[in-house]
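Below is one structure; the comments refer to it alone.
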Amino acid sequence: MAKRIDVSGLSAYYGTTKAIEDISMSIEPRSVTAFIGPSGCGKSTFLRTLNRMHEVIPGARVEGKVLLDDENLYASNVDPVAVRRSIGMVFQRPNPFPTMSIYDNVVAGLRLAGVKKKSVLDDVVERSLKGANLWKEVHNRLNKPGAGLSGGQQQRLCIARAIAVEPQVLLMDEPCSALDPISTLAIEDLIGELKSQFTIVIVTHNMQQAARVSDRTAFFNLAGVGQPGKLIELDDTQRIFSNPSVQATEDYISGRFG
Amino acid sequence: MTSSSPAAPRGRERRPRDSRVGDKIFMNLARGAGILLLVIMAAIAGFLAWRSGMALSNNNGNFLTTFEWTPDAPKPVFGIAVLAFGTIVSALIAMVIAVPVAIGIALFISHYAPRRIAQPFAYLVDLLAAVPSIVYGLWGALFLIPHMDGLTSWLNQYLGWTYLFDQTRTGTPRNLFTVGILLAIMILPIITAVSREVFRQVPRMHEEAALALGATRWEMIRTAVLPFGRPGIISASMLGLGRALGETIAVAVVLSANSVLSLHILDAGGGTFAQNIALKFAEAGNNGRDALMASGLVLFVITLLVNGAARLIIARRKEYSGANA
């Protein structure tokens with residue numbers, strides 16, 4: 001079910017402000033691609049253009065193309081709602097629905113898609129929670145509120161919710177930035193397991209994390225405050241961290257940035 | 001706050017005497033205000049109960065089931081059956097009409113309208129709450145009543161089989177249904193205003209969670225906004241219901257009161273507690289006034305019960321309230 005993403009000539013705007021400019025890249029299926037770069041360089045914005053979440057902000061718009069296999073997500077006949085069903089997203093802060101139980105959180109996406117059969121939902125809950133390494137901890141309290149879990153558990157619940165609908169691609173926007181090191185490790189292990197099934201894109205501020213979990217790494221940068229962010233380079237993670245081809249990348253990862 | 005040098009020993013210095021005095025004064029003021037509220041509540045209840053007791057001991061009918069209201073007759077007979085029925089039915093009609101409309105308006109302002117329209121629109125709704133009751137009453141009597149015929153006969157024709165909308169007597173539409181519509185308009189702004197604030201407070205991250213799962217805007221509202229706003233919607237409705245139950249002058253102007261208890265809500269007549277008090281208080285004798293107080297006490301108790309029930313509903317799902325997110 002994993003698909004390949006090809007982005008070409010993509011720019012994104014907030015009102016009249018250009019946030020990212022002319023980004024082109026290919027993201028391989030069944031691999032983990034990490035986006036790194038300084039704050040404000042547009043990596044989260046770019047991530048949100050990949051499932052058309054950018055445009056839910058009033059005044060935000062996108063130019064350019066994003067191909068999922070061969071289908072342009074920004075073609076005029078494409079429904080953004082359908083795009084988001086096939087490209088899942090995990091956010092910076094764990095955001096399980098506070099009014100729902102653990103069970104209802106996991107099946108929220110399926111219910112939106114109209115699945116009602118109890119046996120199907122039960123199976124999906126077990127499979128998704130196992131997939132998110134959370135089943136053992138919560139299987140005997142599925143009807144308790146999701147908001148009662150710890151931060152790390154909540155984030156794994158959000159991952160379970162995202163993979164429950166079997167997306168083609170899983171986007172993660174700094175999924176560990178609100179978590180402690182142990183929970184972070186659990187999520188990183190999980191990412192390693194999930195990449196056998198999904199195309200994963202992860203934004204991170206933590207360069208060690210990018211080095212640990214990703215196969216390929218993209219470095220974003222901006223020329224100055226108020227300038228749009230740009231893709232500097234995308235290469236194998238090992239190469240980016242040992243021998244990048246652009247000087248700015250090396251400066252950033254070695255801490256000589258600025 | 002104090003002029004202690006950084007080198008001075010801490011502890012005592014951080015809590016100088018005068019600030020403790022300030023603390024004490026403030027604490028006692030706050031406590032006093034709280035106690036005062038309880039005292040006032042108890043005084044009202046006590047006063048009502050005392051006067052009610054005097055009236056009830058003179059009553060020759062059953063207070064709960066009697067239809068007539070003749071407390072000043074040589075042999076006083078009075079009961080609240082018609083009043084309780086009319087109050088609850090008209091308030092229910094108002095709720096059935098107002099709550100969905102108010103939620104719709106609140107969602108429009110908080111989630112659908114562009115900001116340029118939403119702000120003035122919200123202000124307009126708030127302005128509705130500032131219109132005095134008597135103005136609504138006059139509008140009801142002078143505009144609504146003459147324009148009710150079409151709706152009334154339509155309801156009678158197509159929904160007459162429901163019994164509720166069966167019009168058995170022709171005449172002016174000075175009935176509980178018209179009162180319900182008028183009350184609905186009067187409680188709309190308060191329900192809208194409170195719901196709107198609650199909907200605005202739904203964290204953006206929950207809305208985005210729903211959208212990222214492939215929810216349309218309406219589905220996002222159903223999954224993230226409405227469940228989160230549920231306690232707020234209930235509180236807002238209770239505020240509206242409280243106003244509908246207690247509304248006096250507008251009802252008194254519109255309703256042609258009599259002592260008929262009927263579920264045919266399109267037939268003229270009926271009564272409510274507050275309307276009955278407004279109508280009869282001026283000309284009531286001693287026992288008449290006490291009897292009206294007794295009916296006021298019942299309204300007081302009904303309002304308390306309704307509010308208590310709402311608290312229970314909210315508390316039962318507390319752990320899902322979103323407050324712990």
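Naming works like this for the structure tokens: A, B, ... for the chains as they're shown, residue 1 at the start of each chain, ligands 1 onward in shown order.
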Enumerate as a PDB file with C-alpha atoms, in the first residue's frame all residues of region 88-235 of chain A assigned to strand (DSSP E or B) by DSSP on the backbone, naming them with the chain letters and numbers the document uses.
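Output file part-v9.pdb follows:
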```pdb
ATOM      1  CA  GLY A  88      -2.224  10.051   7.396  1.00  0.00           C
ATOM      2  CA  MET A  89      -0.725  12.599   9.730  1.00  0.00           C
ATOM      3  CA  VAL A  90       0.686  12.632  13.270  1.00  0.00           C
ATOM      4  CA  SER A 101     -12.518   6.483  24.440  1.00  0.00           C
ATOM      5  CA  PRO A 145     -10.847   8.097  27.730  1.00  0.00           C
ATOM      6  CA  VAL A 169       1.797   7.594   3.421  1.00  0.00           C
ATOM      7  CA  LEU A 170       2.322   8.600   7.044  1.00  0.00           C
ATOM      8  CA  LEU A 171       3.395  12.182   7.730  1.00  0.00           C
ATOM      9  CA  MET A 172       4.830  13.000  11.160  1.00  0.00           C
ATOM     10  CA  ASP A 173       5.340  16.572  12.283  1.00  0.00           C
ATOM     11  CA  THR A 199       5.995   5.614   3.196  1.00  0.00           C
ATOM     12  CA  ILE A 200       7.006   7.738   6.177  1.00  0.00           C
ATOM     13  CA  VAL A 201       7.979  11.395   6.205  1.00  0.00           C
ATOM     14  CA  ILE A 202       9.086  12.893   9.505  1.00  0.00           C
ATOM     15  CA  VAL A 203       9.918  16.463  10.445  1.00  0.00           C
ATOM     16  CA  ARG A 216      17.011   9.748   3.491  1.00  0.00           C
ATOM     17  CA  THR A 217      17.274  13.266   4.864  1.00  0.00           C
ATOM     18  CA  ALA A 218      16.246  16.580   3.368  1.00  0.00           C
ATOM     19  CA  PHE A 219      17.813  19.785   4.639  1.00  0.00           C
ATOM     20  CA  PHE A 220      15.754  22.983   4.400  1.00  0.00           C
ATOM     21  CA  ASN A 221      17.051  26.479   4.972  1.00  0.00           C
ATOM     22  CA  LEU A 222      16.045  30.082   4.522  1.00  0.00           C
ATOM     23  CA  GLY A 229      12.317  28.429   2.926  1.00  0.00           C
ATOM     24  CA  LYS A 230      14.026  26.306   0.313  1.00  0.00           C
ATOM     25  CA  LEU A 231      15.172  22.731  -0.052  1.00  0.00           C
ATOM     26  CA  ILE A 232      18.952  22.759   0.113  1.00  0.00           C
ATOM     27  CA  GLU A 233      19.589  19.092  -0.489  1.00  0.00           C
ATOM     28  CA  LEU A 234      18.110  15.632  -0.183  1.00  0.00           C
ATOM     29  CA  ASP A 235      20.337  12.607   0.021  1.00  0.00           C
TER      30      ASP A 235
END
```
Next item on the list: Check every residue of chain B for an atom within 12 Å of chain A, counting only C-alpha atoms, and provide those that qualify as a ChimeraX atom specification.
Entry: /B:111-115,202-231,317-325
Check: Which polymer residues have any atom within 10 Å of an atom of Arg4 (chain A), counting only C-alpha atoms, with same-chain residues fewer than 2 positions away left out, as a ChimeraX atom specification?
Finding: /A:2,6,26-31,67-70,168-169,198-199
Would you mind listing what lies within 12 Å of region 122-124 of chain A as a PDB file with C-alpha atoms, in the first residue's frame, with only C-alpha atoms counted and same-chain residues fewer than 3 positions away left out?
```pdb
ATOM      1  CA  TYR A 103     -11.372   2.480  21.109  1.00  0.00           C
ATOM      2  CA  ASP A 104     -13.356   5.293  19.512  1.00  0.00           C
ATOM      3  CA  ASN A 105     -10.195   7.267  18.868  1.00  0.00           C
ATOM      4  CA  VAL A 106      -8.634   4.411  16.919  1.00  0.00           C
ATOM      5  CA  VAL A 107     -11.707   3.846  14.750  1.00  0.00           C
ATOM      6  CA  ALA A 108     -12.530   7.547  14.282  1.00  0.00           C
ATOM      7  CA  GLY A 109     -11.183   7.551  10.726  1.00  0.00           C
ATOM      8  CA  LEU A 110     -13.013   4.362   9.795  1.00  0.00           C
ATOM      9  CA  ARG A 111     -16.263   5.704  11.202  1.00  0.00           C
ATOM     10  CA  VAL A 115     -17.473   1.527   8.437  1.00  0.00           C
ATOM     11  CA  LYS A 116     -19.974   0.384  11.050  1.00  0.00           C
ATOM     12  CA  LYS A 117     -19.540  -3.360  11.454  1.00  0.00           C
ATOM     13  CA  LYS A 118     -18.474  -4.142  14.997  1.00  0.00           C
ATOM     14  CA  SER A 119     -16.317  -7.151  14.101  1.00  0.00           C
ATOM     15  CA  ARG A 127      -4.312  -4.582  14.725  1.00  0.00           C
ATOM     16  CA  SER A 128      -3.702  -0.817  14.878  1.00  0.00           C
ATOM     17  CA  LEU A 129      -2.913  -0.731  18.586  1.00  0.00           C
ATOM     18  CA  LYS A 130      -0.555  -3.688  18.125  1.00  0.00           C
ATOM     19  CA  GLY A 131       0.941  -1.856  15.175  1.00  0.00           C
ATOM     20  CA  ALA A 132       1.517   1.159  17.380  1.00  0.00           C
ATOM     21  CA  TRP A 135      -2.020  -2.955  22.670  1.00  0.00           C
ATOM     22  CA  HIS A 139      -6.166  -3.717  25.807  1.00  0.00           C
ATOM     23  CA  LEU A 142     -10.256   0.342  25.637  1.00  0.00           C
ATOM     24  CA  ALA A 160      -2.686   3.902  15.817  1.00  0.00           C
ATOM     25  CA  ARG A 161      -5.509   6.216  14.756  1.00  0.00           C
ATOM     26  CA  ALA A 162      -3.542   7.280  11.689  1.00  0.00           C
ATOM     27  CA  ILE A 163      -2.598   3.755  10.574  1.00  0.00           C
ATOM     28  CA  ALA A 164      -6.069   2.346  11.279  1.00  0.00           C
ATOM     29  CA  VAL A 165      -7.306   3.665   7.938  1.00  0.00           C
ATOM     30  CA  GLU A 166      -4.345   2.027   6.150  1.00  0.00           C
TER      31      GLU A 166
END
```
Check: Restricting the calculation to only C-alpha atoms, which member of B:Leu266, B:Asn62, B:Val135, B:Ala94 is positioned closest to Gln157 (chain B)?
Finding: B:Leu266
Next item on the list: Can you work out the spacing between CA of Gly255 (chain A) and CA of Glu174 (chain A) in Å, to one decimal?
Entry: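 Pair CA of Gly255 (chain A) / CA of Glu174 (chain A) returns 19.6 Å.
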Next item on the list: Determine which residues of region 90-312 of chain B receive a DSSP assignment of helix (DSSP H, G or I), computed from the backbone, and state them as a PyMOL selection string.
Entry: chain B and resi 90-112+115-129+133-147+149-162+176-200+204-212+217-246+249-254+273-280+286-312
Within 7 Å of Asn258 (chain B) using only C-alpha atoms, minus same-chain residues under 5 positions, as a compact mmCIF listing (two decimals) with C-alpha atoms, in the first residue's frame:
```
# COMPACT_ATOMS: atom_id res chain seq x y z
CA GLY B 269 -55.56 29.79 26.52
CA GLY B 270 -53.42 28.29 29.25
CA GLY B 271 -51.14 30.11 31.64
```
Checklist line | For Ala49 (chain B): contacts at 10 Å, only C-alpha atoms, fewer than 2 positions along chain excluded, given as a ChimeraX atom specification | finding: /B:43-47,51-55,290,293-294,296-298
Within 9 Å of region 97-107 of chain B, counting only C-alpha atoms, which residues show up once you throw out same-chain ones fewer than 2 positions away? Write them as a PDB file with C-alpha atoms, in the first residue's frame, please.
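Result file is result-v3.pdb:
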```pdb
ATOM      1  CA  LEU B  92     -40.163  23.119  25.949  1.00  0.00           C
ATOM      2  CA  ILE B  93     -41.513  24.506  22.671  1.00  0.00           C
ATOM      3  CA  ALA B  94     -39.063  27.376  22.990  1.00  0.00           C
ATOM      4  CA  MET B  95     -36.166  24.973  23.611  1.00  0.00           C
ATOM      5  CA  ILE B 109     -20.179  32.446  13.507  1.00  0.00           C
ATOM      6  CA  SER B 110     -17.374  30.289  14.883  1.00  0.00           C
ATOM      7  CA  HIS B 111     -16.625  27.970  11.951  1.00  0.00           C
ATOM      8  CA  TYR B 112     -18.289  28.978   8.713  1.00  0.00           C
ATOM      9  CA  ALA B 113     -18.581  32.729   8.296  1.00  0.00           C
ATOM     10  CA  ALA B 122     -22.017  38.009  16.573  1.00  0.00           C
ATOM     11  CA  GLY B 180     -43.191  29.194  22.679  1.00  0.00           C
ATOM     12  CA  ILE B 181     -42.087  30.862  19.432  1.00  0.00           C
ATOM     13  CA  LEU B 183     -39.775  32.678  24.015  1.00  0.00           C
ATOM     14  CA  ALA B 184     -37.568  30.902  21.473  1.00  0.00           C
ATOM     15  CA  ILE B 185     -36.617  34.227  19.918  1.00  0.00           C
ATOM     16  CA  MET B 186     -35.953  35.682  23.354  1.00  0.00           C
ATOM     17  CA  ILE B 187     -33.645  32.885  24.511  1.00  0.00           C
ATOM     18  CA  LEU B 188     -31.859  32.532  21.168  1.00  0.00           C
ATOM     19  CA  PRO B 189     -29.162  35.163  21.848  1.00  0.00           C
ATOM     20  CA  ILE B 190     -28.039  33.796  25.212  1.00  0.00           C
ATOM     21  CA  ILE B 191     -27.800  30.208  23.938  1.00  0.00           C
ATOM     22  CA  THR B 192     -26.011  31.407  20.803  1.00  0.00           C
ATOM     23  CA  ALA B 193     -23.550  33.588  22.685  1.00  0.00           C
ATOM     24  CA  VAL B 194     -22.508  30.903  25.170  1.00  0.00           C
ATOM     25  CA  SER B 195     -22.312  28.125  22.553  1.00  0.00           C
ATOM     26  CA  ARG B 196     -20.284  30.342  20.243  1.00  0.00           C
ATOM     27  CA  GLU B 197     -17.690  30.997  22.933  1.00  0.00           C
ATOM     28  CA  PHE B 199     -17.059  26.380  20.000  1.00  0.00           C
ATOM     29  CA  ARG B 200     -14.327  28.976  19.626  1.00  0.00           C
ATOM     30  CA  ILE B 221     -17.580  19.663  13.607  1.00  0.00           C
ATOM     31  CA  ILE B 233     -24.259  23.599  24.954  1.00  0.00           C
ATOM     32  CA  ALA B 236     -26.211  27.480  27.506  1.00  0.00           C
ATOM     33  CA  SER B 237     -29.516  25.682  27.059  1.00  0.00           C
ATOM     34  CA  GLY B 240     -32.061  29.830  28.070  1.00  0.00           C
TER      35      GLY B 240
END
```
